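*Asks:* Pasting in a structure now, in structure tokens, and then I'll have a few things to ask.
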Amino acid sequence: MSQYNLVYLRSPVEMQLSKNNKSSMRKPSLHKKYQVLTIFILLIGQTSFSQNDSAQQMSVYDSTKLSFDSTTNKLYDNIKRFGDSARRKNLLEYRQDTIATKQDRTIELIKILTLEVQNYIENGLDTSGLTKEVNQIAHWYEVTGEGVFTNTSALQTHYNLETTYKILRELLIRITARKSLLDKYYKNLVDFRNRIDSLYNDDILYRFPSDTTDLKRYVERLTVVSQEIKPIDSALKKILINVAELQPPINLLANKLSSSIEQVEIFQKSLSSSRFNQESTNLWDTARYARSFNEIIRFSWRKTALSFVFYVSNEAGKIFLLLLLIIVFTALLLNLRRNMLNLDLLDKNNPDQAVLKYPFLSALFIVLNVFQFVFIDPPFIFAGLIWVLSAVSLSVILKNVAARYWWAAWLILFILFLFACFDNLILQASRPERWGMVGLSIAGILSAAIIIKGRNRTELTAKFFSYLIGFLVIMQVASILTNVYGRYNLSKTFLTAGFFSVVLAVLFFWTLRFIGQTLTLSTRIYSKSDRRLFNANLEFSGNNAPVVFKVLLFAGWFILFSRNFYAYKFISEPVINFIIQKRTFGDNAISFTIGDILEFFLILYISGLVSRLISFLGSNQQIVQGSAGRKGGIANWLLIIRISIITIGLLAAFAALGIPMDRLTVILSALSVGVGFGLQNLVNNLVSGLIISFEKPVSVGDIVEVGGQTGTVKSIGFRSCIITTPGGSNMVIPNGELLDQHFVNWTHDNPSRTVDIDVGVPYGTNLEQAIKILKGLPEKDERILQDPPPSVIITQFNHGSIDMQLSFWVKDITDVDEIKTDIMLAIDLAFKEHSIKIPNYPPELPAVPFSKGEIHNKNGSA
């Protein structure tokens with residue numbers, strides 16, 4: 001370090017004096033020893049003088065007094081000088097020790113700070129990767145600007161401007177985020193640099209020891225530290241230079257993107273204001289476009305794919321939630337289909353059961369059509385993919401279900417819809433495309449005419465289809481006329497809107513019907529289910545659905561149809577901006593958007609809906625299990641699954657709202673206080689429910705006896721268990737009380753149970769024959785276990801009969817009453833065949849057992 005050149009060089013004389021002082025400092029104890037000895041001798045001499053006689057004292061004192069005073073003063077002067085020297089020496093040593101301590105602390109701070117810098121640089125921003133990303137964004141900007149800022153020889157389209165606007169907005173968001181990250185990184189690096197420089201400039205580092213050895217040792221230490229921090233210091237300087245060089249291009253690119261977005265908005269307004277003006281030549285005139293159709297297709301594909309990738313990456317969470325919903329609805333439909341099959345009610349070709357034909361496709365169809373509205377302002381490629389997947393699913397489901405003629409008509413409309421989607425993805429106009437648009441419109445008109453005038457018109461169950469097909473014809477005629485006379489953008493809007501409106505209407509119509517079929521079939525199968533789970537009337541079909549369903553689906557169809565017109569943007573954009581605008585709250589500047597709040601409640605609602613669906617399935621497992629008494633798998637884990645779904649939904653909702661985990665901890669702490677004051681019972685029941693779910697002392701479907709009441713466990717909920725009694729009533733028992741009470745589980749590990757039947761035979765009966773008959777009867781029934789074998793014992797001699805007891809084990813406790821009845825009928829029949837009468841006790845002679853083997857007659861004598 002350059003600071004080391006400031007060491008002060010002393011003269012040879014001073015060096016010698018320093019050496020003498022050093023050597024004198026090495027023997028302080030020897031000098032002190034001599035001085036103490038001298039003082040001791042003088043004090044002794046003074047004491048001895050005082051012991052002489054007075055005469056001698058008087059004579060000597062006068063002569064020696066002056067000499068003694070002089071010696072004492074010299075001694076005191078020497079002691080004072082010695083003390084002053086020692087004090088100065090001690091102060092000097094203290095100062096040097098203090099300086100050395102501060103120097104050590106400063107050097108340690110420098111080393112710690114340089115290690116922090118090294119760790120921050122290693123784990124901080126990757127400037128090379130950021131440079132590549134900035135170059136990639138710049139490349140994407142060039143691709144996006146094609147057809148808008150470059151290669152503008154062809155006619156401009158609304159969809160091209162809209163796609164360009166969305167991509168530029170995404171690129172601006174990305175570059176702004178990188179710019180903010182880079183600025184913060186640079187600020188932290190400068191802060192590290194300033195802190196290190198302030199430590200280097202501390203005066204304490206340049207106060208060098210007076211001793212040569214200490215000076216040499218200190219200089220060596222500074223040299224070692226300098227060598228250690230030199231690479232880190234060089235890396236810091238290098239990264240500062242790299243960041244400083246990277247900032248200008250990022251700022252320039254951000255400004256370019258911002259100005260380009262403003263320019264695109266101007267283009268959109270200009271194009272919208274001249275929508276009804278002639279934009280190109282008439283179709284029979286010479287074309288003014290110089291760009292080839294293949295080149296337009298290539299650049300349209302690049303730009304469309306880019307917008308799709310950006311949107312999917314931004315909406316990955318919603319897409320995952322959509323897939324989760326598809327899985328849940330698939331499980332629901334599979335369970336419903338299995339139950340219908342077990343009850344022999346399934347008919348694949350029945351239109352009223354079409355939703356169960358392919359459960360996965362039906363779940364995909366319903367979820368995509370209902371929940372596509374959670375995606376705000378998607379690019380057309382994303383929305384079109386949802387529509388195509390829904391239409392393909394519907395086509396497969398309706399095959400052999402709908403009438404063949406109408407299924408073929410739907411396929412024709414779907415194929416024309418695919419061509420309309422492809423045409424909507426073309427971002428610039430060309431003469432081949434315009435002729436293709438005319439041909440597509442003519443095909444739509446002919447198809448609509450065939451459908452309207454077809455021989456199976458009576459099978460058209462919904463009148464609004466006729467209106468939709470008529471609307472399709474009107475839109476295609478308008479598209480042809482505007483296309484012929486050079487209104488390209490208006491013609492394209494009429495073309496796509498006509499086909500989209502019909503196909504989307506069909507999709508929403510069958511969505512409503514499939515939902516109605518699902519709920520209606522569920523009501524039929526789960527006849528004992530609690531309909532309050534959904535708070536709705538489950539029995540409806542697509543034609544007589546509640547008005548609220550029809551209104552919601554019509555509103556959804558109208559929104560999707562309106563997206564084809566640029567005027568929709570003027571209405572939707574302020575609403576979208578209001579939803580996505582960042583707002584702050586409180587002193588901590590908590591930021592949120594209205595969209596975050598809506599998403600928060602939507603996730604909570606969906607998680608609750610999924611939880612109720614699983615409860616709906618699990619609580620009805622026993623309905624279709626037959627007499628075998630098997631306990632359903634999902635029902636046994638119902639509570640854990642529901643709690644997991646609610647927990648995941650709650651965490652996802654808080655994540656969507658942007659609440660960090662530390663603040664979430666504060667909320668949970670507040671809830672714990674509420675638990676401590678008033679929610680002990682609720683938490684006790686919840687924890688007890690978890691214990692029941694994990695340890696499984698009782699499961700759904702078990703036959704239990706609690707408090708003298710016997711019943712079947714119907715469900716294990718968050719707070720309580722529901723037990724269905726043989727009389728049909730439901731007992732609600734809190735989970736905590738269920739664990740606290742002594743309850744009997746008849747089917748915990750083994751569903752079998754012993755059955756005892758008491759039989760009396762008259763005196764004089766061949767008991768061996770009667771026992772043989774009784775033992776043989778259970779062997780003929782397959783519902784009775786043969787291991788352990790049935791047994792018969794004689795219990796007692798009773799009034800007018802000898803009592804016996806037949807014991808056997810049944811395989812399933814649910815069959816006890818039926819088996820007991822059958823065995824008693826068989827006993828009566830077998831005894832009649834062998835002329836064995838069962839005694840009939842008169843009312844006045846109750847059946848009283850004898851004691852001690854005595855037989856008493858009616859009068860009581862032996």
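Labeling convention for the structure tokens: chains A, B, ... as they appear, residues from 1 per chain, ligands from 1 in order of appearance.
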In segment 731-821 of chain A, what's alpha helix (DSSP H) per DSSP? Answer as number ranges by chain?
*Replies:* A: 735-740, 767-776, 816-821
*Asks:* Generate the output file for the selected residues, N, CA and C atoms, as a JSON list (two decimals), in the first residue's frame.
*Replies:*
```json
[["chain", "number", "residue", "atom", "x", "y", "z"],
["A", 735, "ASN", "N", -65.32, -34.26, 17.86],
["A", 735, "ASN", "CA", -64.18, -35.16, 17.82],
["A", 735, "ASN", "C", -63.52, -35.33, 19.18],
["A", 736, "GLY", "N", -63.44, -34.23, 19.95],
["A", 736, "GLY", "CA", -62.83, -34.32, 21.27],
["A", 736, "GLY", "C", -63.61, -35.24, 22.20],
["A", 737, "GLU", "N", -64.94, -35.14, 22.17],
["A", 737, "GLU", "CA", -65.76, -36.00, 23.01],
["A", 737, "GLU", "C", -65.68, -37.46, 22.56],
["A", 738, "LEU", "N", -65.51, -37.68, 21.26],
["A", 738, "LEU", "CA", -65.42, -39.05, 20.77],
["A", 738, "LEU", "C", -64.19, -39.75, 21.32],
["A", 739, "LEU", "N", -63.07, -39.01, 21.42],
["A", 739, "LEU", "CA", -61.86, -39.61, 21.96],
["A", 739, "LEU", "C", -61.93, -39.73, 23.48],
["A", 740, "ASP", "N", -62.65, -38.81, 24.14],
["A", 740, "ASP", "CA", -62.73, -38.86, 25.60],
["A", 740, "ASP", "C", -63.65, -39.99, 26.07],
["A", 767, "LEU", "N", -80.87, -85.29, 22.66],
["A", 767, "LEU", "CA", -80.04, -84.08, 22.66],
["A", 767, "LEU", "C", -78.91, -84.17, 21.64],
["A", 768, "GLU", "N", -78.33, -85.37, 21.49],
["A", 768, "GLU", "CA", -77.24, -85.52, 20.52],
["A", 768, "GLU", "C", -77.73, -85.22, 19.10],
["A", 769, "GLN", "N", -78.92, -85.69, 18.79],
["A", 769, "GLN", "CA", -79.48, -85.40, 17.46],
["A", 769, "GLN", "C", -79.78, -83.91, 17.29],
["A", 770, "ALA", "N", -80.31, -83.31, 18.35],
["A", 770, "ALA", "CA", -80.61, -81.88, 18.27],
["A", 770, "ALA", "C", -79.34, -81.05, 18.09],
["A", 771, "ILE", "N", -78.27, -81.42, 18.83],
["A", 771, "ILE", "CA", -76.99, -80.69, 18.69],
["A", 771, "ILE", "C", -76.44, -80.86, 17.30],
["A", 772, "LYS", "N", -76.53, -82.07, 16.73],
["A", 772, "LYS", "CA", -76.02, -82.31, 15.38],
["A", 772, "LYS", "C", -76.78, -81.49, 14.35],
["A", 773, "ILE", "N", -78.10, -81.39, 14.55],
["A", 773, "ILE", "CA", -78.91, -80.59, 13.62],
["A", 773, "ILE", "C", -78.50, -79.13, 13.69],
["A", 774, "LEU", "N", -78.35, -78.63, 14.89],
["A", 774, "LEU", "CA", -78.01, -77.21, 15.05],
["A", 774, "LEU", "C", -76.62, -76.90, 14.47],
["A", 775, "LYS", "N", -75.65, -77.79, 14.67],
["A", 775, "LYS", "CA", -74.31, -77.55, 14.12],
["A", 775, "LYS", "C", -74.29, -77.59, 12.60],
["A", 776, "GLY", "N", -75.16, -78.37, 12.00],
["A", 776, "GLY", "CA", -75.14, -78.51, 10.55],
["A", 776, "GLY", "C", -75.76, -77.35, 9.81],
["A", 816, "VAL", "N", -75.67, -59.44, 10.26],
["A", 816, "VAL", "CA", -76.04, -60.21, 11.46],
["A", 816, "VAL", "C", -77.55, -60.45, 11.53],
["A", 817, "ASP", "N", -78.33, -59.40, 11.41],
["A", 817, "ASP", "CA", -79.78, -59.54, 11.57],
["A", 817, "ASP", "C", -80.37, -60.46, 10.50],
["A", 818, "GLU", "N", -79.92, -60.32, 9.28],
["A", 818, "GLU", "CA", -80.45, -61.15, 8.20],
["A", 818, "GLU", "C", -80.05, -62.61, 8.39],
["A", 819, "ILE", "N", -78.79, -62.85, 8.78],
["A", 819, "ILE", "CA", -78.34, -64.24, 8.98],
["A", 819, "ILE", "C", -79.06, -64.87, 10.17],
["A", 820, "LYS", "N", -79.22, -64.11, 11.24],
["A", 820, "LYS", "CA", -79.90, -64.64, 12.42],
["A", 820, "LYS", "C", -81.33, -65.05, 12.08],
["A", 821, "THR", "N", -82.00, -64.23, 11.29],
["A", 821, "THR", "CA", -83.37, -64.56, 10.89],
["A", 821, "THR", "C", -83.40, -65.83, 10.06]]
```
*Asks:* Write out as an NGL selection string the residues lying within 8 Å of Phe417 of chain A, counting only C-alpha atoms and excluding same-chain residues fewer than 2 positions away.
*Replies:* :A and (413-415 or 419-421 or 499-500 or 503)
*Asks:* Quick check, in Å to one decimal: how far apart do atom CA of Ile412 of chain A and atom CA of Ser447 of chain A lie?
*Replies:*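 We find that atom CA of Ile412 of chain A and atom CA of Ser447 of chain A lie 7.4 Å from each other.
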*Asks:* Which residues come within 10 Å of segment 291-308 of chain A, counting only C-alpha atoms, excluding same-chain residues fewer than 6 positions away, as an MDAnalysis selection string?
*Replies:* chainID A and resid 140 143:147 151:155 160 163:168 170 378:383 425:433
*Asks:* What separation in Å, quoted to one decimal, exists between atom CA of Leu777 of chain A and atom CA of Phe797 of chain A?
*Replies:*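 Going from atom CA of Leu777 of chain A over to atom CA of Phe797 of chain A covers 23.4 Å.
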*Asks:* Residues at most 12 Å from Arg95 of chain A, counting only C-alpha atoms, excluding those fewer than 6 positions away in the same chain, as a list in words?
*Replies:*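 Skipping anything fewer than 6 positions along the chain leaves Arg88, Lys89, Thr101, Lys102, Ile204, Arg207, Phe208, Pro209 and Ser210 of chain A.
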*Asks:* Could you take the residues named above and write them with C-alpha atoms, as a compact mmCIF listing (two decimals), in the first residue's frame?
*Replies:*
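See selection_37.txt below for the written result:
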```txt
# COMPACT_ATOMS: atom_id res chain seq x y z
CA ARG A 88 5.68 9.30 31.31
CA LYS A 89 6.86 5.88 30.37
CA THR A 101 -5.77 -2.10 19.74
CA LYS A 102 -7.52 0.38 17.47
CA ILE A 204 -5.07 5.34 13.24
CA ARG A 207 0.50 5.95 13.69
CA PHE A 208 3.53 3.70 13.70
CA PRO A 209 5.24 2.21 16.79
CA SER A 210 8.46 3.90 18.06
```
*Asks:* Provide the atom CA of Asp815 of chain A to atom CA of Val700 of chain A distance in Å, to one decimal place.
*Replies:*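 Atom CA of Val700 of chain A lies at a distance of 18.2 Å from atom CA of Asp815 of chain A.
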*Asks:* For Asn251 of chain A, find every residue with an atom within 9 Å (counting only C-alpha atoms), except residues of its own chain fewer than 3 positions away, and show them as number ranges by chain.
*Replies:* A: 175-176, 179, 246-248, 254-256
*Asks:* Keeping only C-alpha atoms, write the selected residues to a file as a PDB file, in the first residue's frame.
*Replies:*
```pdb
ATOM      1  CA  ILE A 175     -36.129  -4.409 -18.706  1.00  0.00           C
ATOM      2  CA  THR A 176     -37.468  -2.143 -15.953  1.00  0.00           C
ATOM      3  CA  LYS A 179     -32.739  -1.861 -14.545  1.00  0.00           C
ATOM      4  CA  LEU A 246     -24.080  -1.864 -18.623  1.00  0.00           C
ATOM      5  CA  GLN A 247     -26.341   0.862 -17.267  1.00  0.00           C
ATOM      6  CA  PRO A 248     -26.463   3.151 -20.360  1.00  0.00           C
ATOM      7  CA  ALA A 254     -36.024   1.064 -21.543  1.00  0.00           C
ATOM      8  CA  ASN A 255     -36.599   4.516 -23.059  1.00  0.00           C
ATOM      9  CA  LYS A 256     -36.902   3.011 -26.523  1.00  0.00           C
TER      10      LYS A 256
END
```
*Asks:* For Asn369 of chain A, which of A:Leu446, A:Ala505, A:Val134, A:Leu604 is the closest residue, counting only C-alpha atoms?
*Replies:*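 Ranked by minimum distance to Asn369 of chain A, first place goes to A:Ala505.
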*Asks:* I'd like the neighbourhood of Ile480 of chain A as a list in words, where a residue qualifies if any of its atoms comes within 8 Å (using only C-alpha atoms), though same-chain residues fewer than 4 positions away should be ignored.
*Replies:*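 Neighbouring residues, sequence-local ones excluded: Met437, Val438, Ser441, Gln476, Val484 and Ser491 of chain A.
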*Asks:* My list of candidates is A:Thr724, A:Ile823, A:Ile232, A:Leu91. Which is closest to Leu115 of chain A when distances are computed with only C-alpha atoms?
*Replies:*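 Among the listed residues, A:Ile232 lies closest to Leu115 of chain A.
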*Asks:* Using only C-alpha atoms, find the one residue out of A:Leu345, A:Ala235, A:Val477, A:Leu257 that sits nearest to Ile173 of chain A.
*Replies:*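 That would be A:Leu257, the residue with the smallest distance to Ile173 of chain A.
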